[in-house]
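Trainee: So here's final_15.csv (CSV, C-alpha atoms).
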chain,number,residue,atom,x,y,z
A,92,MET,CA,98.9,-106.2,58.8
A,93,THR,CA,102.7,-106.4,58.3
A,94,PRO,CA,103.9,-105.0,54.9
A,95,THR,CA,105.7,-107.5,52.6
A,96,ILE,CA,109.4,-106.9,52.4
A,97,ILE,CA,111.0,-107.6,49.0
A,98,GLU,CA,114.5,-106.8,47.9
A,99,PRO,CA,114.8,-105.1,44.5
A,100,GLU,CA,117.3,-107.7,43.3
A,101,PHE,CA,114.6,-110.4,44.0
A,102,LEU,CA,112.1,-108.5,41.9
A,103,LEU,CA,114.5,-108.3,39.0
A,104,LYS,CA,115.0,-112.0,39.1
A,105,ALA,CA,111.2,-112.5,39.2
A,106,TYR,CA,110.9,-110.4,36.0
A,107,ALA,CA,113.6,-112.5,34.4
A,108,CYS,CA,111.5,-115.6,35.1
A,109,GLY,CA,108.3,-114.1,33.7
A,110,ILE,CA,106.7,-113.2,37.1
A,111,PHE,CA,105.5,-109.8,38.3
A,112,PRO,CA,104.0,-108.5,41.6
A,113,MET,CA,100.6,-107.0,42.3
A,114,GLY,CA,98.8,-105.8,45.4
A,115,GLU,CA,95.2,-106.7,46.3
A,116,ASN,CA,94.4,-103.0,46.8
A,117,ARG,CA,96.0,-99.8,48.0
A,118,GLU,CA,95.2,-100.5,51.7
A,119,ASN,CA,96.4,-104.1,51.7
A,120,PRO,CA,100.2,-104.2,52.1
A,121,GLU,CA,100.6,-107.8,51.0
A,122,ILE,CA,102.1,-108.6,47.5
A,123,GLN,CA,101.0,-111.4,45.2
A,124,TRP,CA,103.1,-112.9,42.5
A,125,ILE,CA,101.5,-113.3,39.1
A,126,GLU,CA,102.5,-115.6,36.2
A,127,PRO,CA,99.5,-115.7,33.8
A,128,GLU,CA,99.0,-118.5,31.3
A,129,PHE,CA,98.6,-115.9,28.5
A,130,ARG,CA,100.6,-112.7,28.4
A,131,GLY,CA,99.9,-109.3,26.7
A,132,ILE,CA,102.6,-107.8,24.5
A,133,ILE,CA,102.9,-105.1,21.9
A,134,PRO,CA,105.4,-106.0,19.1
A,135,ILE,CA,107.6,-103.0,18.9
A,136,ASN,CA,108.2,-103.3,15.2
A,137,GLU,CA,104.4,-103.6,14.5
A,138,PHE,CA,103.3,-100.7,16.7
A,139,HIS,CA,100.0,-99.1,15.5
A,140,ILE,CA,99.3,-95.4,16.0
A,141,PRO,CA,95.7,-94.1,15.4
A,142,LYS,CA,95.5,-91.4,12.7
A,143,LYS,CA,94.3,-88.7,15.1
A,144,LEU,CA,97.0,-89.5,17.6
A,145,ARG,CA,99.7,-89.1,14.8
A,146,GLN,CA,98.6,-85.5,14.3
A,147,THR,CA,98.8,-84.8,18.1
A,148,LEU,CA,102.2,-86.3,18.3
A,149,ARG,CA,103.5,-84.0,15.5
A,150,ASN,CA,101.8,-80.8,16.5
A,151,GLY,CA,103.8,-80.3,19.7
A,152,SER,CA,100.8,-79.4,21.9
A,153,TYR,CA,102.0,-81.7,24.6
A,154,LYS,CA,105.5,-81.8,26.2
A,155,ILE,CA,107.0,-85.2,26.9
A,156,SER,CA,109.8,-85.9,29.4
A,157,ILE,CA,111.6,-89.1,30.6
A,158,ASP,CA,112.5,-90.0,34.1
A,159,GLN,CA,111.9,-86.4,35.4
A,160,ASN,CA,109.0,-87.1,37.7
A,161,PHE,CA,108.9,-90.8,38.5
A,162,THR,CA,107.6,-90.5,42.0
A,163,GLU,CA,104.6,-88.4,40.9
A,164,VAL,CA,103.9,-90.7,38.0
A,165,ILE,CA,103.7,-93.9,40.1
A,166,ARG,CA,101.6,-92.0,42.7
A,167,ALA,CA,99.2,-90.8,40.0
A,168,CYS,CA,99.0,-94.4,38.7
A,169,SER,CA,97.9,-95.5,42.2
A,170,GLU,CA,95.0,-93.0,42.4
A,171,THR,CA,91.4,-94.1,42.2
A,172,ASN,CA,88.8,-92.3,40.2
A,173,GLN,CA,85.4,-92.9,38.6
A,174,LEU,CA,86.9,-95.2,36.0
A,175,ARG,CA,89.2,-97.0,38.4
A,176,GLU,CA,87.6,-97.7,41.7
A,177,ASN,CA,90.6,-99.7,43.0
A,178,THR,CA,94.3,-100.0,42.5
A,179,TRP,CA,96.8,-102.8,42.8
A,180,ILE,CA,99.7,-100.4,43.6
A,181,ASN,CA,100.0,-100.5,47.4
A,182,LYS,CA,102.6,-98.6,49.4
A,183,PRO,CA,105.2,-101.4,49.4
A,184,ILE,CA,105.0,-101.7,45.6
A,185,GLU,CA,105.3,-97.9,45.2
A,186,ASN,CA,108.4,-97.8,47.4
A,187,LEU,CA,109.9,-100.8,45.7
A,188,TYR,CA,109.7,-99.3,42.2
A,189,ILE,CA,111.0,-96.0,43.4
A,190,THR,CA,114.0,-97.9,44.6
A,191,LEU,CA,114.3,-99.6,41.2
A,192,PHE,CA,114.2,-96.1,39.6
A,193,ASN,CA,117.0,-94.9,41.8
A,194,MET,CA,119.0,-98.0,40.7
A,195,GLY,CA,118.4,-97.2,37.1
A,196,PHE,CA,116.0,-100.1,36.2
A,197,ALA,CA,112.7,-98.3,36.3
A,198,HIS,CA,111.7,-95.5,34.0
A,199,SER,CA,108.8,-93.1,33.6
A,200,VAL,CA,107.4,-91.2,30.7
A,201,GLU,CA,105.6,-87.9,31.6
A,202,THR,CA,103.1,-86.0,29.5
A,203,TYR,CA,102.6,-82.2,30.3
A,204,LYS,CA,100.0,-79.8,29.1
A,205,ASP,CA,100.4,-76.1,29.9
A,206,GLY,CA,103.1,-77.0,32.5
A,207,LYS,CA,100.9,-79.5,34.3
A,208,LEU,CA,101.5,-83.3,34.5
A,209,VAL,CA,98.4,-84.7,32.8
A,210,GLY,CA,99.5,-88.3,32.0
A,211,GLY,CA,102.2,-90.8,31.9
A,212,LEU,CA,103.4,-94.4,32.5
A,213,TYR,CA,106.2,-96.3,34.3
A,214,GLY,CA,107.8,-99.6,33.9
A,215,VAL,CA,111.0,-101.7,34.3
A,216,ALA,CA,113.8,-102.2,31.7
A,217,LEU,CA,115.9,-105.3,31.9
A,218,GLY,CA,118.2,-106.2,29.1
A,219,GLY,CA,116.2,-105.7,25.9
A,220,ALA,CA,112.8,-106.2,27.7
A,221,PHE,CA,110.6,-103.4,28.9
A,222,PHE,CA,107.8,-104.3,31.4
A,223,GLY,CA,105.1,-101.8,31.3
A,224,GLU,CA,103.5,-101.5,34.7
A,225,SER,CA,100.8,-98.9,34.8
A,226,MET,CA,99.7,-95.6,33.1
A,227,PHE,CA,97.4,-92.7,34.0
A,228,SER,CA,95.6,-90.0,32.1
A,229,ARG,CA,94.0,-86.8,33.2
A,230,THR,CA,93.3,-85.4,29.8
A,231,THR,CA,92.4,-86.9,26.4
A,232,ASP,CA,95.2,-89.0,24.9
A,233,SER,CA,97.8,-88.0,27.4
A,234,SER,CA,98.7,-91.6,28.4
A,235,LYS,CA,98.5,-92.7,24.8
A,236,LEU,CA,101.1,-90.1,23.9
A,237,ALA,CA,103.4,-91.4,26.6
A,238,LEU,CA,103.0,-94.9,25.3
A,239,CYS,CA,103.9,-93.8,21.7
A,240,HIS,CA,107.0,-91.9,23.0
A,241,LEU,CA,108.0,-95.0,25.0
A,242,SER,CA,107.7,-97.2,22.0
A,243,ALA,CA,109.7,-94.8,19.9
A,244,ARG,CA,112.5,-95.0,22.4
A,245,LEU,CA,112.4,-98.7,22.7
A,246,ALA,CA,112.7,-99.0,18.9
A,247,LYS,CA,115.6,-96.6,18.9
A,248,SER,CA,117.3,-98.5,21.7
A,249,LYS,CA,116.8,-101.9,19.9
A,250,PHE,CA,114.6,-103.4,22.6
A,251,LYS,CA,113.0,-106.7,21.7
A,252,LEU,CA,110.0,-107.0,24.0
A,253,LEU,CA,107.3,-104.6,25.3
A,254,ASP,CA,105.4,-106.5,27.9
A,255,ILE,CA,102.0,-105.1,28.9
A,256,GLN,CA,101.0,-108.0,31.1
A,257,PHE,CA,97.3,-108.1,30.0
A,258,VAL,CA,95.6,-107.1,26.7
A,259,THR,CA,92.9,-104.4,27.1
A,260,ASN,CA,90.6,-102.8,24.5
A,261,HIS,CA,92.6,-99.6,25.2
A,262,LEU,CA,95.8,-101.3,24.2
A,263,LYS,CA,94.5,-103.3,21.2
A,264,GLN,CA,94.5,-100.1,19.1
A,265,PHE,CA,98.3,-100.1,19.4
A,266,GLY,CA,98.7,-103.6,18.2
A,267,ALA,CA,98.5,-105.5,21.5
A,268,LEU,CA,98.2,-109.2,21.3
A,269,GLU,CA,98.0,-112.2,23.6
A,270,ILE,CA,100.5,-115.0,23.5
A,271,SER,CA,101.0,-118.2,25.5
A,272,LYS,CA,103.3,-118.5,28.5
A,273,ASP,CA,105.7,-120.7,26.5
A,274,GLN,CA,105.8,-118.2,23.6
A,275,TYR,CA,106.4,-115.4,26.1
A,276,LYS,CA,109.2,-117.2,27.9
A,277,THR,CA,111.0,-117.6,24.6
A,278,LEU,CA,110.7,-113.9,23.8
A,279,LEU,CA,111.7,-113.0,27.3
A,280,PHE,CA,114.8,-115.1,27.3
A,281,ASN,CA,116.0,-113.6,24.0
A,282,ALA,CA,115.2,-110.1,25.2
A,283,ILE,CA,116.8,-110.0,28.6
A,284,ASN,CA,120.0,-111.5,27.2
A,285,SER,CA,120.4,-108.7,24.7
A,286,ASN,CA,122.5,-105.6,25.3
A,287,ALA,CA,119.8,-102.9,24.7
A,288,ILE,CA,120.2,-99.7,26.8
A,289,PHE,CA,117.2,-97.5,27.4
A,290,GLN,CA,117.8,-94.1,25.8
A,291,SER,CA,115.9,-91.1,27.1
A,292,ASN,CA,116.8,-88.7,24.3
A,293,LEU,CA,114.7,-88.6,21.2
A,294,SER,CA,114.8,-85.9,18.6
A,295,PHE,CA,111.7,-84.7,16.6
A,296,ASP,CA,113.2,-86.3,13.5
A,297,GLU,CA,113.6,-89.6,15.2
A,298,LEU,CA,110.0,-89.5,16.6
A,299,ASP,CA,108.7,-88.6,13.1
A,300,GLU,CA,110.7,-91.5,11.6
A,301,PHE,CA,109.2,-93.9,14.1
A,302,ILE,CA,105.7,-92.5,13.4
A,303,GLN,CA,106.2,-93.1,9.6
A,304,SER,CA,107.5,-96.6,10.2
A,305,THR,CA,104.3,-97.7,12.1
A,306,THR,CA,101.0,-98.8,10.7
A,307,HIS,CA,98.0,-96.6,11.6
A,308,THR,CA,94.4,-97.2,12.5
A,309,SER,CA,91.5,-94.9,11.9
The structure given in the file should be rewritten as structure tokens.
Mentor:
Amino acid sequence: MTPTIIEPEFLLKAYACGIFPMGENRENPEIQWIEPEFRGIIPINEFHIPKKLRQTLRNGSYKISIDQNFTEVIRACSETNQLRENTWINKPIENLYITLFNMGFAHSVETYKDGKLVGGLYGVALGGAFFGESMFSRTTDSSKLALCHLSARLAKSKFKLLDIQFVTNHLKQFGALEISKDQYKTLLFNAINSNAIFQSNLSFDELDEFIQSTTHTS
């Protein structure tokens, strides 16, 4: 089966129209274009942080980095395990997002424990919109910590939209909600036409200020 060839500029235009790609599985090189009737988002200014996770964020037991290991993060996101028997990240998608990273549009958040990569996420920034693509976790809370650090940076950078594609029980605890396609298109238009710039630097004081500004769940 011949792999689908997509230019990165075409992918960015698709994001700007509210469409994103997915593969059928790791072995199938074809790419499908998805435009769901209902979209998952997390309002950045209404981000929730579970109480226990607040403590972990502040105690410094995990190290967080940005854009330092993008290739390893996307490959980890494509791995299958007992909880995830299949993956939509095929090789053409993996290569495409690595190209976007090299162009400065894709970003990764990495979580380290004792010097080992144990969790993270990646996504695409376009204007003031961030499109979260996938996340992985090898230890308790490691992907959740990455999401909190991402949201803190988006808030600092004045982003207007955090797109998570679909709402899951895992993401509901952070304030994820589902909106209609029309509502999403309005938010998307306003976001991509803003001048937000993704900032990788975040001081402890800025992180703590973000934590205090959020609501918390038990």
Trainee: What is the distance between atom CA of Ser156 of chain A and atom CA of Lys204 of chain A, in Å to one decimal?
Mentor: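 Atom CA of Lys204 of chain A lies 11.5 Å from atom CA of Ser156 of chain A.
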Trainee: Dump as a list in words all residues having an atom at most 12 Å from (94.6, -88.2, 16.5), computed in the file's coordinates with all atoms listed in the file.
Mentor: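 Final list of nearby residues, as requested, is Ile140, Pro141, Lys142, Lys143, Leu144, Arg145, Gln146, Thr147, Leu148, Arg149, Asn150, Thr231, Asp232, Ser233, Lys235, Leu236, His307, Thr308 and Ser309 of chain A.
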Trainee: With C-alpha atoms retained, export the selected residues as a PDB file, in the frame of the given file.
Mentor:
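part.pdb was written with the following content:
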ATOM      1  CA  ILE A 140      99.300 -95.400  16.000  1.00  0.00           C
ATOM      2  CA  PRO A 141      95.700 -94.100  15.400  1.00  0.00           C
ATOM      3  CA  LYS A 142      95.500 -91.400  12.700  1.00  0.00           C
ATOM      4  CA  LYS A 143      94.300 -88.700  15.100  1.00  0.00           C
ATOM      5  CA  LEU A 144      97.000 -89.500  17.600  1.00  0.00           C
ATOM      6  CA  ARG A 145      99.700 -89.100  14.800  1.00  0.00           C
ATOM      7  CA  GLN A 146      98.600 -85.500  14.300  1.00  0.00           C
ATOM      8  CA  THR A 147      98.800 -84.800  18.100  1.00  0.00           C
ATOM      9  CA  LEU A 148     102.200 -86.300  18.300  1.00  0.00           C
ATOM     10  CA  ARG A 149     103.500 -84.000  15.500  1.00  0.00           C
ATOM     11  CA  ASN A 150     101.800 -80.800  16.500  1.00  0.00           C
ATOM     12  CA  THR A 231      92.400 -86.900  26.400  1.00  0.00           C
ATOM     13  CA  ASP A 232      95.200 -89.000  24.900  1.00  0.00           C
ATOM     14  CA  SER A 233      97.800 -88.000  27.400  1.00  0.00           C
ATOM     15  CA  LYS A 235      98.500 -92.700  24.800  1.00  0.00           C
ATOM     16  CA  LEU A 236     101.100 -90.100  23.900  1.00  0.00           C
ATOM     17  CA  HIS A 307      98.000 -96.600  11.600  1.00  0.00           C
ATOM     18  CA  THR A 308      94.400 -97.200  12.500  1.00  0.00           C
ATOM     19  CA  SER A 309      91.500 -94.900  11.900  1.00  0.00           C
TER      20      SER A 309
END
Trainee: At a cut-off of 10 Å from (103.0, -114.5, 29.1) in the coordinates of the file, what residues are picked up using all atoms listed in the file, written as a PyMOL selection string?
Mentor: chain A and resi 109-110+126-132+254-257+269-279
Trainee: Find the residue from A:Thr190, A:Thr202, A:Thr178, A:Ser152 that sits nearest to Glu100 of chain A; use all atoms listed in the file when measuring.
Mentor: A:Thr190
Trainee: At what distance in Å, to one decimal, does atom CA of Lys247 of chain A lie from atom CA of Gln264 of chain A?
Mentor: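 Here the two named atoms are 21.4 Å from each other.
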Trainee: What is the distance between atom CA of Gly211 of chain A and atom CA of Asn281 of chain A, in Å to one decimal?
Mentor: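 Atom-to-atom, atom CA of Gly211 of chain A to atom CA of Asn281 of chain A, that is 27.8 Å.
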Trainee: What's around His240 of chain A at 9 Å? Count all atoms listed in the file, leave out sequence neighbours fewer than 2 positions away in its own chain, and write the answer as a VMD selection string.
Mentor: chain A and resid 148 155 200 235 to 238 242 to 245 293 298
Trainee: Could you tell me which of A:Glu118, A:Glu137, A:Glu170, A:Glu201 comes closest to Ile157 of chain A if we count only C-alpha atoms?
Mentor: A:Glu201
Trainee: When distances are computed from only C-alpha atoms, which of A:Ile165, A:Ile184, A:Ala197, A:Ile189 shows the smallest separation from Gln123 of chain A?
Mentor: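 With only C-alpha atoms as the atom set, the closest residue is A:Ile184.
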Trainee: If you count all atoms listed in the file, which residues fall within 8 Å of Ile135 of chain A, apart from same-chain ones fewer than 4 positions away, as a PyMOL selection string?
Mentor: chain A and resi 242+245-246+250-253
Trainee: Given the choices A:Gly218, A:Gly151, A:Gly210, A:Gly195, which gets closest to Arg166 of chain A if the distance is worked out from only C-alpha atoms?
Mentor: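 With only C-alpha atoms as the atom set, the closest residue is A:Gly210.
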Trainee: Sorted by chain and rising residue number, list the residues of segment 113-158 of chain A at most 8 Å from segment 179-183 of chain A (counting only C-alpha atoms), each with its closest atom pair and distance in Å to one decimal, as JSON lines.
Mentor:
{"residue": "A:Met113", "atom": "CA", "partner": "A:Trp179", "partner_atom": "CA", "distance": 5.7}
{"residue": "A:Gly114", "atom": "CA", "partner": "A:Trp179", "partner_atom": "CA", "distance": 4.4}
{"residue": "A:Glu115", "atom": "CA", "partner": "A:Trp179", "partner_atom": "CA", "distance": 5.5}
{"residue": "A:Asn116", "atom": "CA", "partner": "A:Trp179", "partner_atom": "CA", "distance": 4.7}
{"residue": "A:Arg117", "atom": "CA", "partner": "A:Asn181", "partner_atom": "CA", "distance": 4.1}
{"residue": "A:Glu118", "atom": "CA", "partner": "A:Asn181", "partner_atom": "CA", "distance": 6.4}
{"residue": "A:Asn119", "atom": "CA", "partner": "A:Asn181", "partner_atom": "CA", "distance": 6.7}
{"residue": "A:Pro120", "atom": "CA", "partner": "A:Asn181", "partner_atom": "CA", "distance": 6.0}
Trainee: Determine, counting all atoms listed in the file, which protein, DNA and RNA residues have an atom within 6 Å of an atom of Ile283 of chain A; residues of the same chain fewer than 6 positions away are not included. Present the result as number ranges by chain.
Mentor: A: 217-220
Trainee: Choose the residue, out of A:Glu185, A:Ser169, A:Ala105, A:Tyr153, that has the smallest atom-to-atom separation from Asp205 of chain A; count all atoms listed in the file.
Mentor: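 Once distances to Asp205 of chain A are computed over all atoms listed in the file, the minimum belongs to A:Tyr153.
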Trainee: Which one of A:Cys168, A:Asn136, A:Leu212, A:Pro112 sits closest to Thr306 of chain A if you count only C-alpha atoms?
Mentor: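 Result for the nearest residue to Thr306 of chain A: A:Asn136.
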